[in-house]
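Colleague: Structure file target02.cif (mmCIF, C-alpha atoms) right here:
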```cif
data_structure
loop_
_atom_site.label_atom_id
_atom_site.label_comp_id
_atom_site.auth_asym_id
_atom_site.auth_seq_id
_atom_site.Cartn_x
_atom_site.Cartn_y
_atom_site.Cartn_z
CA MET A 498 37.89 2.49 -1.55
CA ARG A 499 39.88 3.00 1.65
CA GLY A 500 43.52 2.75 2.62
CA LEU A 501 45.89 3.68 5.45
CA GLY A 502 47.85 6.71 4.30
CA VAL A 503 50.76 8.44 6.04
CA PHE A 504 51.06 12.06 4.96
CA GLY A 505 54.11 14.04 3.93
CA ALA A 506 55.63 16.95 5.82
CA LEU A 507 56.54 19.58 3.20
CA GLY A 508 54.61 22.81 2.73
CA VAL A 509 51.53 24.26 4.35
CA ASP A 510 48.60 22.31 5.77
CA ALA A 511 46.21 21.09 3.10
CA LEU A 512 42.57 20.10 3.33
CA ALA A 513 43.40 16.54 2.26
CA SER A 514 45.46 15.97 5.40
CA GLN A 515 43.82 18.13 8.06
CA HIS A 516 42.17 15.10 9.64
CA ALA A 517 45.43 13.19 10.12
CA ASP A 518 46.41 12.98 13.80
CA ALA A 519 50.16 13.24 14.34
CA LEU A 520 52.24 10.82 16.39
CA ILE A 521 55.98 10.40 16.95
CA VAL A 522 57.61 7.21 15.65
CA ASP A 523 61.33 6.88 16.43
CA GLY A 524 61.67 10.65 16.66
CA MET A 525 59.82 11.41 13.43
CA THR A 526 56.39 12.99 13.15
CA VAL A 527 53.98 10.69 11.30
CA ARG A 528 50.47 11.74 10.31
CA PRO A 529 48.28 8.73 9.46
CA ALA A 530 44.68 8.71 8.26
CA ILE A 531 42.19 6.40 6.61
CA VAL A 532 41.94 7.92 3.14
CA THR A 533 39.67 7.48 0.13
CA LEU A 534 41.44 6.08 -2.94
CA ARG A 535 40.49 5.43 -6.55
CA GLU A 536 39.42 1.83 -7.14
CA PRO A 537 41.69 -0.18 -9.47
CA VAL A 538 40.62 -1.11 -12.99
CA PHE A 539 40.32 -4.87 -13.51
CA GLU A 540 39.50 -6.37 -16.90
CA ALA A 541 39.58 -10.16 -16.74
CA HIS A 542 40.20 -10.70 -20.48
CA ARG A 543 42.89 -8.08 -21.04
CA HIS A 544 46.36 -9.60 -21.41
CA ALA A 545 47.71 -7.68 -18.41
CA TYR A 546 45.10 -9.24 -16.09
CA VAL A 547 44.59 -12.81 -17.33
CA HIS A 548 46.73 -14.32 -14.53
CA HIS A 549 45.68 -11.81 -11.87
CA VAL A 550 42.96 -11.63 -9.24
CA LEU A 551 41.03 -8.76 -7.68
CA VAL A 552 40.96 -9.06 -3.89
CA ARG A 553 38.77 -7.06 -1.53
CA VAL A 554 40.77 -6.62 1.68
CA ASN A 555 38.91 -7.36 4.90
CA ALA A 556 41.73 -6.66 7.38
CA PHE A 557 45.43 -5.79 7.34
CA SER A 558 48.47 -5.29 9.57
CA CYS A 559 51.85 -3.57 9.43
CA ASN A 560 55.32 -4.89 10.14
CA TYR A 561 58.67 -3.48 11.22
CA ARG A 562 59.51 -2.99 7.53
CA ASP A 563 56.70 -0.44 7.14
CA LYS A 564 58.62 2.02 9.28
CA GLY A 565 61.21 2.22 6.51
CA PHE A 566 58.70 4.08 4.34
CA PHE A 567 58.36 6.86 6.92
CA ARG A 568 61.86 8.18 6.28
CA ASP A 569 60.82 9.73 2.95
CA LEU A 570 57.80 11.62 4.32
CA HIS A 571 59.80 14.81 4.87
CA THR A 572 60.30 15.07 1.08
CA MET A 573 56.56 14.77 0.31
CA PRO A 574 53.99 17.63 0.30
CA ARG A 575 51.63 17.62 3.28
CA ASN A 576 48.62 16.96 1.01
CA ARG A 577 50.18 13.78 -0.41
CA CYS A 578 50.35 10.43 1.35
CA ARG A 579 51.93 7.02 1.05
CA VAL A 580 49.61 4.04 1.49
CA ILE A 581 51.25 1.31 3.59
CA GLY A 582 50.63 -2.20 4.92
CA SER A 583 52.50 -5.52 4.75
CA GLU A 584 49.88 -8.21 5.42
CA PHE A 585 46.24 -8.66 4.51
CA VAL A 586 43.36 -11.07 4.37
CA GLY A 587 40.72 -10.63 1.73
CA THR A 588 38.13 -12.21 -0.53
CA VAL A 589 38.67 -12.83 -4.24
CA VAL A 590 35.96 -10.88 -6.08
CA ASP A 591 37.16 -11.33 -9.69
CA VAL A 592 39.72 -13.45 -11.56
CA GLY A 593 41.58 -13.17 -14.83
CA ALA A 594 40.60 -15.35 -17.77
CA ARG A 595 43.48 -17.80 -17.26
CA VAL A 596 43.55 -17.98 -13.48
CA THR A 597 43.60 -21.58 -12.18
CA HIS A 598 44.92 -21.39 -8.61
CA VAL A 599 42.05 -19.51 -6.91
CA SER A 600 38.36 -18.89 -7.48
CA ILE A 601 35.91 -16.07 -6.82
CA GLY A 602 34.84 -16.24 -3.19
CA ASP A 603 38.11 -17.72 -1.89
CA ARG A 604 39.62 -16.09 1.19
CA VAL A 605 43.31 -15.38 0.67
CA ILE A 606 46.42 -13.93 2.28
CA GLY A 607 49.71 -12.82 0.77
CA GLN A 608 52.06 -15.49 -0.60
CA ASN A 609 55.47 -14.06 0.35
CA ALA A 610 57.70 -16.77 -1.12
CA TYR A 611 61.19 -15.41 -1.57
CA HIS A 612 61.82 -16.64 -5.08
CA ARG A 613 60.25 -15.88 -8.43
CA MET A 614 56.91 -17.68 -8.58
CA ALA A 615 56.38 -17.35 -12.33
CA PRO A 616 59.65 -16.99 -14.30
CA GLY A 617 59.61 -14.05 -16.69
CA ASP A 618 56.64 -12.34 -15.05
CA PRO A 619 57.77 -9.26 -13.08
CA SER A 620 54.42 -9.10 -11.26
CA ALA A 621 55.24 -12.46 -9.64
CA ALA A 622 58.65 -11.44 -8.29
CA ALA A 623 60.11 -12.50 -4.96
CA GLY A 624 58.92 -11.27 -1.59
CA LEU A 625 55.77 -9.57 -0.37
CA PRO A 626 53.11 -9.13 -3.08
CA THR A 627 52.40 -5.53 -2.05
CA ASN A 628 53.75 -2.70 0.09
CA SER A 629 50.25 -1.20 0.25
CA ALA A 630 48.25 -4.01 1.84
CA SER A 631 45.80 -1.56 3.42
CA ARG A 632 44.30 -0.74 -0.01
CA GLU A 633 40.76 -2.07 0.13
CA TYR A 634 41.09 -3.53 -3.37
CA LEU A 635 44.30 -5.18 -4.58
CA VAL A 636 45.17 -6.54 -8.03
CA LEU A 637 47.70 -9.36 -7.57
CA HIS A 638 49.18 -12.21 -9.57
CA GLU A 639 47.34 -15.44 -8.76
CA ARG A 640 50.54 -17.02 -7.43
CA ARG A 641 51.07 -14.16 -4.99
CA VAL A 642 48.04 -15.16 -2.89
CA ALA A 643 47.41 -18.27 -0.80
CA GLY A 644 44.08 -19.69 0.25
CA ILE A 645 43.35 -20.06 3.96
CA PRO A 646 41.36 -22.70 5.88
CA THR A 647 37.66 -22.06 6.31
CA ALA A 648 37.94 -22.02 10.10
CA MET A 649 40.75 -19.44 10.20
CA SER A 650 39.47 -16.11 11.48
CA ALA A 651 40.07 -12.95 9.47
CA ILE A 652 41.93 -11.41 12.41
CA ASP A 653 44.36 -14.35 12.71
CA ALA A 654 44.83 -14.40 8.93
CA ALA A 655 45.66 -10.67 8.75
CA ALA A 656 48.43 -11.22 11.31
CA PHE A 657 49.80 -14.50 9.99
CA SER A 658 51.64 -14.70 6.70
CA VAL A 659 54.97 -12.87 7.12
CA GLY A 660 55.76 -14.10 10.63
CA ALA A 661 54.62 -17.69 10.12
CA GLN A 662 56.29 -18.10 6.72
CA THR A 663 59.54 -16.62 8.04
CA ALA A 664 59.54 -18.69 11.24
CA PHE A 665 58.75 -21.99 9.51
CA SER A 666 61.52 -21.32 7.00
CA MET A 667 64.07 -20.59 9.75
CA VAL A 668 63.15 -23.68 11.76
CA ARG A 669 63.25 -25.86 8.65
CA ARG A 670 66.60 -24.57 7.45
CA ALA A 671 68.20 -24.89 10.88
CA ARG A 672 66.98 -28.51 11.13
CA VAL A 673 65.76 -28.16 14.69
CA ALA A 674 65.15 -31.59 16.24
CA PRO A 675 62.59 -32.25 19.00
CA GLY A 676 64.14 -31.67 22.41
CA SER A 677 66.80 -29.23 21.14
CA LEU A 678 67.65 -26.31 23.42
CA VAL A 679 66.94 -23.08 21.54
CA LEU A 680 67.36 -19.41 22.42
CA VAL A 681 65.05 -16.78 20.89
CA THR A 682 66.17 -13.16 21.30
CA SER A 683 63.99 -10.01 21.43
CA ALA A 684 61.15 -12.27 22.43
CA THR A 685 58.30 -9.74 22.27
CA SER A 686 59.02 -8.72 18.68
CA ASN A 687 56.42 -10.08 16.26
CA THR A 688 58.98 -12.22 14.45
CA SER A 689 60.17 -13.77 17.72
CA LEU A 690 56.63 -14.48 18.86
CA SER A 691 56.11 -16.39 15.61
CA LEU A 692 59.43 -18.18 16.15
CA ILE A 693 58.52 -19.23 19.69
CA ALA A 694 55.20 -20.65 18.50
CA SER A 695 56.86 -22.44 15.56
CA LEU A 696 59.72 -23.86 17.66
CA CYS A 697 57.31 -25.17 20.28
CA CYS A 698 55.33 -26.69 17.42
CA ALA A 699 58.57 -28.47 16.41
CA GLY A 700 59.09 -29.82 19.93
CA ALA A 701 62.06 -27.62 20.88
CA ARG A 702 62.87 -26.42 24.41
CA VAL A 703 62.73 -22.64 24.09
CA ILE A 704 64.45 -20.00 26.20
CA ALA A 705 63.22 -16.50 25.35
CA THR A 706 65.15 -13.40 26.31
CA THR A 707 63.63 -9.94 26.48
CA SER A 708 64.07 -6.52 28.05
CA SER A 709 60.29 -6.10 28.24
CA VAL A 710 59.40 -6.35 31.92
CA GLY A 711 55.86 -7.61 32.41
CA SER A 712 55.81 -9.96 29.43
CA GLU A 713 56.91 -13.07 31.33
CA ARG A 714 53.47 -14.58 31.90
CA ARG A 715 52.39 -14.30 28.27
CA LEU A 716 55.68 -15.72 26.99
CA LEU A 717 55.38 -18.61 29.45
CA GLU A 718 51.89 -19.27 28.10
CA LEU A 719 53.42 -19.66 24.63
CA GLY A 720 55.70 -22.38 25.99
CA ALA A 721 58.98 -20.54 26.53
CA GLU A 722 61.20 -20.20 29.59
CA VAL A 723 61.78 -16.48 30.02
CA VAL A 724 64.94 -14.55 30.87
CA VAL A 725 64.29 -10.86 31.52
CA GLY A 726 66.79 -8.05 31.87
CA GLY A 727 69.78 -8.67 34.12
CA ARG A 728 69.47 -12.41 34.76
CA SER A 729 72.54 -14.30 33.57
CA LEU A 730 71.59 -15.83 30.25
CA ALA A 731 74.79 -17.88 30.15
CA GLU A 732 74.02 -19.47 33.53
CA VAL A 733 70.46 -20.31 32.48
CA CYS A 734 71.67 -21.93 29.25
CA ARG A 735 74.36 -23.96 31.05
CA ALA A 736 71.81 -25.19 33.58
CA ARG A 737 69.52 -26.44 30.80
CA GLY A 738 72.19 -28.20 28.70
CA GLU A 739 74.06 -27.35 25.53
CA LEU A 740 72.57 -24.44 23.59
CA SER A 741 72.24 -25.79 20.06
CA PHE A 742 70.43 -22.95 18.29
CA VAL A 743 69.91 -19.19 18.49
CA PHE A 744 67.08 -17.55 16.52
CA ASP A 745 67.54 -13.81 16.29
CA PRO A 746 65.48 -11.17 14.40
CA TYR A 747 68.16 -8.47 14.89
CA PHE A 748 71.71 -9.61 14.19
CA ASP A 749 73.14 -6.14 14.85
CA LEU A 750 71.89 -6.38 18.44
CA HIS A 751 72.55 -10.01 19.38
CA LEU A 752 74.97 -11.77 17.03
CA GLU A 753 78.14 -11.22 19.06
CA HIS A 754 76.68 -12.50 22.33
CA SER A 755 74.87 -15.35 20.58
CA VAL A 756 78.03 -16.93 19.16
CA GLU A 757 79.58 -16.76 22.63
CA LEU A 758 76.64 -18.68 24.10
CA LEU A 759 76.31 -21.37 21.44
CA ALA A 760 77.74 -24.82 22.05
CA PRO A 761 80.21 -26.30 19.52
CA PHE A 762 78.55 -27.16 16.20
CA GLY A 763 75.64 -24.89 17.13
CA THR A 764 73.59 -22.89 14.63
CA TYR A 765 72.73 -19.20 14.62
CA VAL A 766 69.87 -18.02 12.39
CA THR A 767 68.85 -14.42 11.72
CA CYS A 768 66.27 -12.77 9.50
CA GLY A 769 66.96 -9.07 9.95
CA LEU A 770 68.55 -6.13 11.69
CA ALA A 771 67.39 -3.33 13.96
CA ALA A 772 69.07 -0.60 11.89
CA GLN A 773 66.93 -1.17 8.79
CA ASN A 774 66.70 2.53 8.09
CA ASP A 775 67.73 5.97 9.33
CA LEU A 776 64.97 6.02 11.93
CA THR A 777 66.10 2.96 13.87
CA GLY A 778 69.86 2.78 13.52
CA ALA A 779 71.13 5.53 15.81
CA ALA A 780 71.59 3.41 18.94
CA VAL A 781 73.02 0.30 17.24
CA ARG A 782 76.80 -0.17 17.34
CA PRO A 783 78.65 -1.95 14.51
CA VAL A 784 79.07 -5.72 14.81
CA ASN A 785 82.61 -6.89 15.56
CA ALA A 786 83.07 -9.28 12.64
CA GLU A 787 86.46 -10.53 13.87
CA SER A 788 85.04 -11.55 17.24
CA VAL A 789 82.07 -13.29 15.60
CA MET A 790 84.21 -15.23 13.16
CA ARG A 791 86.71 -16.31 15.81
CA HIS A 792 83.88 -18.01 17.71
CA ALA A 793 82.38 -19.41 14.50
CA ILE A 794 85.70 -20.98 13.48
CA VAL A 795 86.83 -22.31 16.84
CA LYS A 796 83.42 -23.80 17.66
CA ASN A 797 82.49 -24.92 14.13
CA LEU A 798 79.33 -22.81 14.20
CA SER A 799 76.88 -22.38 11.34
CA ILE A 800 75.54 -18.88 10.68
CA LEU A 801 72.43 -18.71 8.50
CA GLY A 802 70.69 -15.72 6.99
CA ASN A 803 67.02 -16.07 6.12
CA CYS A 804 64.54 -13.90 4.23
CA LEU A 805 60.88 -14.88 4.37
CA GLY A 806 60.37 -18.48 3.19
CA SER A 807 59.03 -20.80 0.51
CA ALA A 808 55.48 -21.51 -0.59
CA ASP A 809 55.76 -24.85 1.22
CA ASP A 810 56.72 -23.08 4.45
CA LEU A 811 53.52 -21.04 4.35
CA ALA A 812 51.46 -24.11 3.48
CA ASP A 813 52.99 -26.03 6.41
CA ALA A 814 52.31 -23.14 8.78
CA LEU A 815 48.69 -22.89 7.65
CA ALA A 816 48.27 -26.65 8.16
CA ALA A 817 49.76 -26.41 11.67
CA HIS A 818 47.36 -23.58 12.51
CA ALA A 819 44.39 -25.56 11.18
CA GLU A 820 45.42 -28.51 13.36
CA GLY A 821 45.60 -26.28 16.45
CA ARG A 822 49.38 -26.63 16.82
CA LEU A 823 50.39 -23.09 15.82
CA SER A 824 49.02 -20.04 17.58
CA VAL A 825 48.75 -16.45 16.35
CA VAL A 826 49.43 -13.74 18.90
CA VAL A 827 47.12 -10.77 18.30
CA ASP A 828 47.45 -7.71 20.51
CA SER A 829 44.40 -5.69 19.46
CA VAL A 830 41.98 -4.90 16.64
CA HIS A 831 41.13 -1.42 15.34
CA GLY A 832 38.63 -0.12 12.79
CA GLY A 833 36.65 2.87 11.55
CA ASN A 834 38.84 5.98 11.30
CA ASP A 835 41.15 4.87 14.10
CA ALA A 836 44.33 5.20 12.03
CA SER A 837 46.45 7.08 14.57
CA ALA A 838 45.62 4.72 17.44
CA PHE A 839 46.31 1.72 15.19
CA LEU A 840 49.72 2.99 14.12
CA ALA A 841 50.61 4.13 17.65
CA ARG A 842 49.84 0.70 19.08
CA THR A 843 51.76 -0.96 16.23
CA PHE A 844 54.97 1.08 16.45
CA VAL A 845 55.02 3.24 19.60
CA ASP A 846 53.33 1.53 22.55
CA ARG A 847 55.90 -0.59 24.41
CA GLN A 848 53.08 -2.57 26.06
CA ARG A 849 52.09 -4.09 22.72
CA PHE A 850 52.27 -7.89 22.69
CA GLY A 851 51.53 -9.44 19.33
CA LYS A 852 50.23 -8.14 16.01
CA VAL A 853 47.91 -5.15 15.76
CA VAL A 854 45.17 -5.61 13.15
CA PHE A 855 42.98 -3.07 11.36
CA SER A 856 39.65 -4.46 10.19
CA TYR A 857 37.38 -2.96 7.53
CA VAL A 858 34.59 -5.39 8.50
CA HIS A 859 32.35 -4.51 11.45
#
```
What's the structure tokens form of this structure?
Modeller:
Amino acid sequence: MRGLGVFGALGVDALASQHADALIVDGMTVRPAIVTLREPVFEAHRHAYVHHVLVRVNAFSCNYRDKGFFRDLHTMPRNRCRVIGSEFVGTVVDVGARVTHVSIGDRVIGQNAYHRMAPGDPSAAAGLPTNSASREYLVLHERRVAGIPTAMSAIDAAAFSVGAQTAFSMVRRARVAPGSLVLVTSATSNTSLSLIASLCCAGARVIATTSSVGSERRLLELGAEVVVGGRSLAEVCRARGELSFVFDPYFDLHLEHSVELLAPFGTYVTCGLAAQNDLTGAAVRPVNAESVMRHAIVKNLSILGNCLGSADDLADALAAHAEGRLSVVVDSVHGGNDASAFLARTFVDRQRFGKVVFSYVH
């Protein structure tokens, strides 16, 4: 079977990694390749597998979190690799003897619910079901996959689960009402693109801010008013009414300014930070907690942290997509042995707009 491997950096060149094309990601040399892996063993009646399913992956994508795995490559031999990937869509090809939630032939994506799905079972723990979603065959607990609508394309599905589940959770928890004025920061990040689509689905009035010149038209097509670069965000917000909500994927970049902009009794929601690891944190200054809390207290603000979402959030997002109310923004699709171009477009190319998908199906 195949997988997307990123090779280590220690030692001399080895035959196993000679075909990996190098690229620079946040100052670090990364050498990706589509590699051949040993297929997993799956025995439906063995105790370890009775509640598990065997999924053949059709397509996958990577997220910002995948970059965190690159920081350890310098400690690995050059002939060893780490297989990565956060999201997948695949077909169930075998099921354990006691599986009841899915059947052979079902198309599924990852169920990323951030709570234990099956108490006492470590294989059904919180969060993403795998950090190696590019593996062509995955063995997963039945509750860590979710069926998708028949009409949903494999490409949309491979780019859907993490962003949609996170965005629907954030919108739900913030209790965004139709007509609310909402600011979304870092608008061309994949999380923010999912947030814009989800907020428009909820009937909010969305202002999107970005430093990415040239993205205005595509953001407008998603339903957002766009503020680029040096335009005064405060003036735009005041002209549109009271800013009730800020949705921010990177609190270490935008929290301080966000609490200044929010109207009294407003809500700030974040799901992450830019400085997730050593590769991305160099240019990020520490957040001034005193300044943030002064605004939060004086204006009675709510500050919410959010990680992924619930099973219901993913189900609601899938239903909205099936009804044509929730879009998926896909930048491009790669295949074959195009590992370096796929990873470069995912993490390096500043012109990327939306998720980059790798498909095993031609």
Colleague: Between A:Arg553, A:Leu719, A:Leu801, A:His544, which residue has the minimum interatomic distance to Arg604 in chain A, considering all atoms listed in the file?
Modeller: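 Ranking A:Arg553, A:Leu719, A:Leu801, A:His544 by distance to Arg604 in chain A, first place goes to A:Arg553.
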Colleague: Translate the PyMOL selection byres ((chain A and resi 758-764) around 12), as applied to the file shown, into an explicit residue set as a PyMOL selection string.
Modeller: chain A and resi 667-668+670-673+677-680+729-735+738-745+751-757+765-767+789+792-802
Colleague: Considering only C-alpha atoms, return as a list of chain:residue names whatever protein or nucleic-acid residues lie within 8 Å of Ser829 in chain A, sequence-local ones (same chain, fewer than 5 positions apart) excluded.
Modeller: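 Result of the neighbour search: A:Lys852, A:Val853, A:Val854.
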Colleague: Between A:Ile531, A:Leu520, A:Arg641, A:Cys768, which residue has the minimum interatomic distance to Asp846 in chain A, considering all atoms listed in the file?
Modeller: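 Of the candidates, the smallest distance to Asp846 in chain A is held by A:Leu520.
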Colleague: With a distance cut-off of 10 Å and all atoms listed in the file, select the neighbouring residues of range 558-568 of chain A, excluding the residue or stretch itself and same-chain residues fewer than 6 positions from it, and output the selection as an MDAnalysis selection string.
Modeller: chainID A and resid 503:505 522:523 525:528 579:586 628:631 652 654:657 659:660 686:688 769 771:777 830 839:840 843:844 852:856
Colleague: So the first atom is CA of Pro675 in chain A and the second is CA of Ala814 in chain A; what is the distance between them in Å, to one decimal place?
Modeller: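 Distance reported for this atom pair: 17.1 Å.
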Colleague: Just how far from CA of Ser807 in chain A is CA of Val636 in chain A, in Å to one decimal?
Modeller: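 Between CA of Val636 in chain A and CA of Ser807 in chain A the gap is 21.6 Å.
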Colleague: Starting from the PyMOL selection byres ((chain A and resi 703) around 8), expand the selection into actual residues of this file and give them as an MDAnalysis selection string.
Modeller: chainID A and resid 678:681 693 696:697 701:702 704:705 720:722
Colleague: How big is the axis-aligned box around all listed atoms of range 745-755 of chain A once 6 Å goes on each side, and where's its centre, in Å to one decimal, as lines of an AutoDock Vina configuration file?
Modeller:
```
center_x = 71.8
center_y = -10.7
center_z = 18.3
size_x = 24.7
size_y = 21.2
size_z = 20.1
```
Colleague: Just to confirm, what's the straight-line distance from CA of Asn609 in chain A to CA of Gly806 in chain A in Å (one decimal)?
Modeller: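 These two atoms are separated by 7.2 Å.
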Colleague: Choose the residue, out of A:Ala651, A:Ala694, A:His612, A:Glu633, that has the smallest atom-to-atom separation from Asp809 in chain A; count only C-alpha atoms.
Modeller: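 Ranking A:Ala651, A:Ala694, A:His612, A:Glu633 by distance to Asp809 in chain A, first place goes to A:His612.
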Colleague: What's the 10 Å shell around Cys698 in chain A, counting all atoms listed in the file, without same-chain residues fewer than 6 positions away, as a count of residues only?
Modeller: 11
Colleague: In the coordinates of the file, take the point (35.5, 4.9, -3.6) and a cut-off of 8 Å; then, counting only C-alpha atoms, name each qualifying protein, DNA or RNA residue as a list of chain:residue names.
Modeller: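 Within the cut-off we find A:Met498, A:Arg499, A:Thr533, A:Leu534, A:Arg535, A:Glu536.
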Colleague: List the residues matched by the PyMOL selection byres ((chain A and resi 711) around 12) in the displayed structure as a PyMOL selection string, ordered by chain and then by residue number.
Modeller: chain A and resi 685+707-710+712-717+723-726+847-850
Colleague: Pick from A:Ser600, A:Asn803, A:Ser837, A:Asn785: nearest to Glu639 in chain A, with all atoms listed in the file counted?
Modeller: A:Ser600
Colleague: Within 10 Å of (38.6, -14.9, -16.7), in the coordinates the file gives, what residues turn up when you count only C-alpha atoms, written out as a PyMOL selection string?
Modeller: chain A and resi 540-543+546-550+591-597
Colleague: Write out as a CSV table (one decimal) with C-alpha atoms, in the frame of the given file which residues come within 9 Å of Asp810 in chain A when counting all atoms listed in the file, dropping same-chain ones fewer than 6 positions away.
Modeller:
```csv
chain,number,residue,atom,x,y,z
A,610,ALA,CA,57.7,-16.8,-1.1
A,661,ALA,CA,54.6,-17.7,10.1
A,662,GLN,CA,56.3,-18.1,6.7
A,663,THR,CA,59.5,-16.6,8.0
A,664,ALA,CA,59.5,-18.7,11.2
A,665,PHE,CA,58.8,-22.0,9.5
A,666,SER,CA,61.5,-21.3,7.0
A,669,ARG,CA,63.2,-25.9,8.6
```
Colleague: Find the residue from A:Ala812, A:Val538, A:Leu770, A:Ile645 that sits nearest to Val784 in chain A; use all atoms listed in the file when measuring.
Modeller: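 For Val784 in chain A, the nearest of the candidates is A:Leu770.
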Colleague: Taking only C-alpha atoms into account, which of A:Gly602, A:Gly832, A:Gly502, A:Pro746 comes nearest Ala556 in chain A?
Modeller: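 Checking each of A:Gly602, A:Gly832, A:Gly502, A:Pro746 against Ala556 in chain A, counting only C-alpha atoms, the winner is A:Gly832.
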